[in-house]
Every structure is written in structure tokens, then in C-alpha cells.
Amino acid sequence: MLSVQDTNTPVTFSPELISKFADVVSRYPAGKQKSALLPILHLVQAEFGWTSVPAMDKVAEYLSIQPIEVYEVASFYTMYFLKPQGKYMLEVCRTGPCEIVGATPIMEHIEKTLGVKEGDVTPDGLFSWRGVECLAACGFGPVLQIGPEYTFYENLTTESVDKLIGDLKAKGNN
């Protein structure tokens, strides 16, 4: 992941990234390049860590579509980050089944442990966290996934969360 760009900093896509875009677009019929928007946004986010407005503008230019078409998609799907995130994104399921077995105390513990509110980034740039909708493990809650690899953890306790954060800190500082 490259360094985080300011929201107004112009973005330049590397030749390697443009090559990946071309591969994605080639999967769709001629004139239907807009169909490549979601996978291209994934590639942009993997490269930059988030989808800034200048990056979305460049995607629109590449796909020959209007910038608003990119903004609509990126703002609809929660998988695209519209502001800089930490190296590791902790996403805690907050829907009914996980809530019943302790999602809120886990989120409160993460907030206290990391020292940042939901959606913010720790000063060292390692962590962000947020509550998300169902992670499809209703029988194993509370659960969380950790991006960018989207490793999945079930039956969380404050102790298991502390261990995960400690392991990620050690990994992130290497």
C-alpha cells in the first residue's frame, strides 16, 4: 500500500495498475467498460489504501464515464473507504445475533484499547475500526474481520481482541 494521499492531491496510476485495469475491462463486451467499475475500484483501494476523489476522477476518465457515476458506486458500497484508513481495518459485526452475545462491549473495548473513535485512524497509522452489518457467522458471535486480508475471528472476548491487536501491532511494526 502506498502512502496516504491528501484528498486534493492529484493521483497518478502506475503502468502496472493501468495494465490491471485493461485486463479487467477486457472481460466485458465492447462499450460496456462501466461494468469494470467495481473491480477497478478494488484495485485502486489496494494500491492507495482508500478511494480518494482524485482517484475516483481518474477511474471515471479511464472508463470514459462521468465522475458522479464512480462516486455513486463508491459511496453506496461500504467496502470502499472514502477517507484514509489504518493499515488494519477491524470490522465488528453489530447486527442482532452478534449484538445479543456482546458486540457492543467488544466495540467499546476496541475503542478504548486503540484510543480512537469508530472510523478514525490511530496516530501510528496501524488501526481503524468500525461496526458493520452481518458477517455471516451468526452462530459464532461476536465476530470481526480484519482487512486488508479479511481474516475472520469468532467468539470474541476482550482477551482475544487484546491478543489480536497485540499480534497486529507486532506484525505492523516489522
# chains A, B, ... in the order shown; residues from 1 in each chain; ligands from 1

call {"tool": "residues_around", "arguments": {"residues": "A:Ser64", "least_positions_apart": "3", "cutoff": "10 Å", "atoms": "only C-alpha atoms", "output": "list in words"}}
result
Gly31, Gln33, Lys34, Lys58, Val59, Ala60, Glu61 and Pro67 of chain A

call {"tool": "residues_around", "arguments": {"residues": "stretch 75-90 of chain A", "least_positions_apart": "6", "cutoff": "9 Å", "atoms": "only C-alpha atoms", "output": "number ranges by chain"}}
result
A: 1, 4-7, 41-42, 45, 48-53, 110, 119-122, 124-132, 144-150, 168, 172

call {"tool": "write_last_selection", "arguments": {"atoms": "N, CA and C atoms", "output": "mmCIF file, in the first residue's frame"}}
result
data_model
loop_
_atom_site.group_PDB
_atom_site.id
_atom_site.type_symbol
_atom_site.label_atom_id
_atom_site.label_comp_id
_atom_site.auth_asym_id
_atom_site.auth_seq_id
_atom_site.Cartn_x
_atom_site.Cartn_y
_atom_site.Cartn_z
ATOM 1 N N MET A 1 0.842 -1.173 0.000
ATOM 2 C CA MET A 1 0.000 0.000 0.000
ATOM 3 C C MET A 1 0.887 1.237 0.000
ATOM 4 N N VAL A 4 -0.681 7.403 2.199
ATOM 5 C CA VAL A 4 -1.996 8.012 2.090
ATOM 6 C C VAL A 4 -1.869 9.361 1.399
ATOM 7 N N GLN A 5 -2.754 9.611 0.452
ATOM 8 C CA GLN A 5 -2.775 10.858 -0.288
ATOM 9 C C GLN A 5 -3.754 11.821 0.370
ATOM 10 N N ASP A 6 -3.445 13.099 0.298
ATOM 11 C CA ASP A 6 -4.391 14.123 0.715
ATOM 12 C C ASP A 6 -5.598 14.047 -0.224
ATOM 13 N N THR A 7 -6.749 14.460 0.251
ATOM 14 C CA THR A 7 -7.958 14.350 -0.557
ATOM 15 C C THR A 7 -7.914 15.198 -1.819
ATOM 16 N N LEU A 41 -12.223 -0.240 -8.803
ATOM 17 C CA LEU A 41 -12.170 0.450 -7.503
ATOM 18 C C LEU A 41 -11.443 -0.397 -6.462
ATOM 19 N N HIS A 42 -11.630 -1.711 -6.507
ATOM 20 C CA HIS A 42 -10.877 -2.591 -5.599
ATOM 21 C C HIS A 42 -9.373 -2.462 -5.848
ATOM 22 N N GLN A 45 -8.171 0.862 -4.452
ATOM 23 C CA GLN A 45 -8.095 0.834 -2.990
ATOM 24 C C GLN A 45 -6.922 -0.017 -2.514
ATOM 25 N N PHE A 48 -3.811 2.317 -3.050
ATOM 26 C CA PHE A 48 -3.705 3.552 -2.277
ATOM 27 C C PHE A 48 -4.228 3.450 -0.847
ATOM 28 N N GLY A 49 -4.959 2.382 -0.535
ATOM 29 C CA GLY A 49 -5.496 2.204 0.808
ATOM 30 C C GLY A 49 -6.881 2.787 1.005
ATOM 31 N N TRP A 50 -7.358 3.562 0.029
ATOM 32 C CA TRP A 50 -8.685 4.157 0.073
ATOM 33 C C TRP A 50 -9.001 4.710 -1.302
ATOM 34 N N THR A 51 -10.228 5.185 -1.493
ATOM 35 C CA THR A 51 -10.632 5.709 -2.801
ATOM 36 C C THR A 51 -10.887 7.209 -2.670
ATOM 37 N N SER A 52 -9.869 7.985 -2.943
ATOM 38 C CA SER A 52 -9.979 9.445 -2.856
ATOM 39 C C SER A 52 -10.755 9.977 -4.056
ATOM 40 N N VAL A 53 -11.231 11.211 -3.935
ATOM 41 C CA VAL A 53 -11.944 11.845 -5.050
ATOM 42 C C VAL A 53 -11.039 11.950 -6.278
ATOM 43 N N ILE A 110 -12.523 -2.124 21.917
ATOM 44 C CA ILE A 110 -11.617 -1.750 20.821
ATOM 45 C C ILE A 110 -11.381 -0.249 20.829
ATOM 46 N N GLY A 119 -14.147 4.722 12.912
ATOM 47 C CA GLY A 119 -13.845 5.406 11.661
ATOM 48 C C GLY A 119 -12.567 6.219 11.669
ATOM 49 N N ASP A 120 -11.975 6.456 12.846
ATOM 50 C CA ASP A 120 -10.735 7.221 12.924
ATOM 51 C C ASP A 120 -9.527 6.301 12.797
ATOM 52 N N VAL A 121 -8.358 6.898 12.653
ATOM 53 C CA VAL A 121 -7.106 6.156 12.483
ATOM 54 C C VAL A 121 -6.220 6.412 13.698
ATOM 55 N N THR A 122 -5.584 5.357 14.200
ATOM 56 C CA THR A 122 -4.662 5.529 15.325
ATOM 57 C C THR A 122 -3.482 6.400 14.886
ATOM 58 N N ASP A 124 -0.394 6.029 15.017
ATOM 59 C CA ASP A 124 0.684 5.307 14.329
ATOM 60 C C ASP A 124 0.276 4.820 12.938
ATOM 61 N N GLY A 125 -0.984 5.069 12.556
ATOM 62 C CA GLY A 125 -1.456 4.675 11.233
ATOM 63 C C GLY A 125 -1.773 3.199 11.080
ATOM 64 N N LEU A 126 -1.685 2.441 12.176
ATOM 65 C CA LEU A 126 -1.889 0.991 12.075
ATOM 66 C C LEU A 126 -3.352 0.562 12.068
ATOM 67 N N PHE A 127 -4.212 1.254 12.800
ATOM 68 C CA PHE A 127 -5.564 0.731 13.011
ATOM 69 C C PHE A 127 -6.668 1.731 12.722
ATOM 70 N N SER A 128 -7.746 1.185 12.197
ATOM 71 C CA SER A 128 -9.064 1.810 12.155
ATOM 72 C C SER A 128 -10.030 0.713 12.553
ATOM 73 N N TRP A 129 -11.207 1.111 12.989
ATOM 74 C CA TRP A 129 -12.220 0.095 13.296
ATOM 75 C C TRP A 129 -13.592 0.656 12.994
ATOM 76 N N ARG A 130 -14.539 -0.258 12.768
ATOM 77 C CA ARG A 130 -15.916 0.152 12.552
ATOM 78 C C ARG A 130 -16.853 -1.027 12.774
ATOM 79 N N GLY A 131 -18.085 -0.693 13.116
ATOM 80 C CA GLY A 131 -19.139 -1.692 13.181
ATOM 81 C C GLY A 131 -19.691 -1.884 11.778
ATOM 82 N N VAL A 132 -19.983 -3.119 11.427
ATOM 83 C CA VAL A 132 -20.511 -3.425 10.094
ATOM 84 C C VAL A 132 -21.734 -4.320 10.220
ATOM 85 N N LEU A 144 -15.452 -10.618 14.152
ATOM 86 C CA LEU A 144 -14.867 -9.494 13.436
ATOM 87 C C LEU A 144 -14.007 -10.028 12.311
ATOM 88 N N GLN A 145 -13.783 -9.166 11.343
ATOM 89 C CA GLN A 145 -12.823 -9.476 10.282
ATOM 90 C C GLN A 145 -11.800 -8.358 10.264
ATOM 91 N N ILE A 146 -10.599 -8.717 9.878
ATOM 92 C CA ILE A 146 -9.515 -7.742 9.843
ATOM 93 C C ILE A 146 -8.991 -7.652 8.427
ATOM 94 N N GLY A 147 -9.143 -6.473 7.840
ATOM 95 C CA GLY A 147 -8.609 -6.227 6.499
ATOM 96 C C GLY A 147 -7.240 -5.612 6.618
ATOM 97 N N PRO A 148 -6.405 -5.676 5.604
ATOM 98 C CA PRO A 148 -6.817 -5.915 4.234
ATOM 99 C C PRO A 148 -6.921 -7.392 3.837
ATOM 100 N N GLU A 149 -6.454 -8.305 4.648
ATOM 101 C CA GLU A 149 -6.532 -9.722 4.266
ATOM 102 C C GLU A 149 -7.911 -10.319 4.537
ATOM 103 N N TYR A 150 -8.708 -9.642 5.345
ATOM 104 C CA TYR A 150 -10.032 -10.102 5.752
ATOM 105 C C TYR A 150 -9.982 -11.451 6.441
ATOM 106 N N LEU A 168 -1.144 -7.875 15.754
ATOM 107 C CA LEU A 168 -1.112 -6.970 14.607
ATOM 108 C C LEU A 168 -0.120 -5.832 14.812
ATOM 109 N N GLY A 172 2.725 -5.216 12.327
ATOM 110 C CA GLY A 172 2.726 -3.925 11.649
ATOM 111 C C GLY A 172 3.963 -3.104 11.860
#

call {"tool": "select_by_dssp", "arguments": {"residues": "stretch 29-166 of chain A", "states": "strand (DSSP E or B)", "output": "VMD selection string"}}
result
chain A and resid 88 to 93 121 127 to 132 144 to 147 151 to 153

call {"tool": "select_by_dssp", "arguments": {"residues": "stretch 58-155 of chain A", "states": "helix (DSSP H, G or I)", "output": "PyMOL selection string"}}
result
chain A and resi 58-63+67-76+96-100+103-114+138-140

call {"tool": "atom_distance", "arguments": {"atom1": "atom CA of A:Lys112", "atom2": "atom CA of A:Ala46"}}
result
28.1 Å

call {"tool": "atom_distance", "arguments": {"atom1": "atom CA of A:Thr158", "atom2": "atom CA of A:Thr104"}}
result
11.3 Å

call {"tool": "residues_around", "arguments": {"residues": "A:Leu63", "least_positions_apart": "6", "cutoff": "10 Å", "atoms": "only C-alpha atoms", "output": "PyMOL selection string"}}
result
chain A and resi 21-22+25+31-37+40+57+70

call {"tool": "residues_around", "arguments": {"residues": "A:Val143", "least_positions_apart": "5", "cutoff": "6 Å", "atoms": "only C-alpha atoms", "output": "NGL selection string"}}
result
:A and (93 or 153-154)

call {"tool": "atom_distance", "arguments": {"atom1": "atom CA of A:Asp23", "atom2": "atom CA of A:Val44"}}
result
14.1 Å

call {"tool": "closest_residue", "arguments": {"among": "A:Ala136, A:Val92, A:Ile106, A:Val24", "to": "A:Thr157", "atoms": "only C-alpha atoms"}}
result
A:Ile106
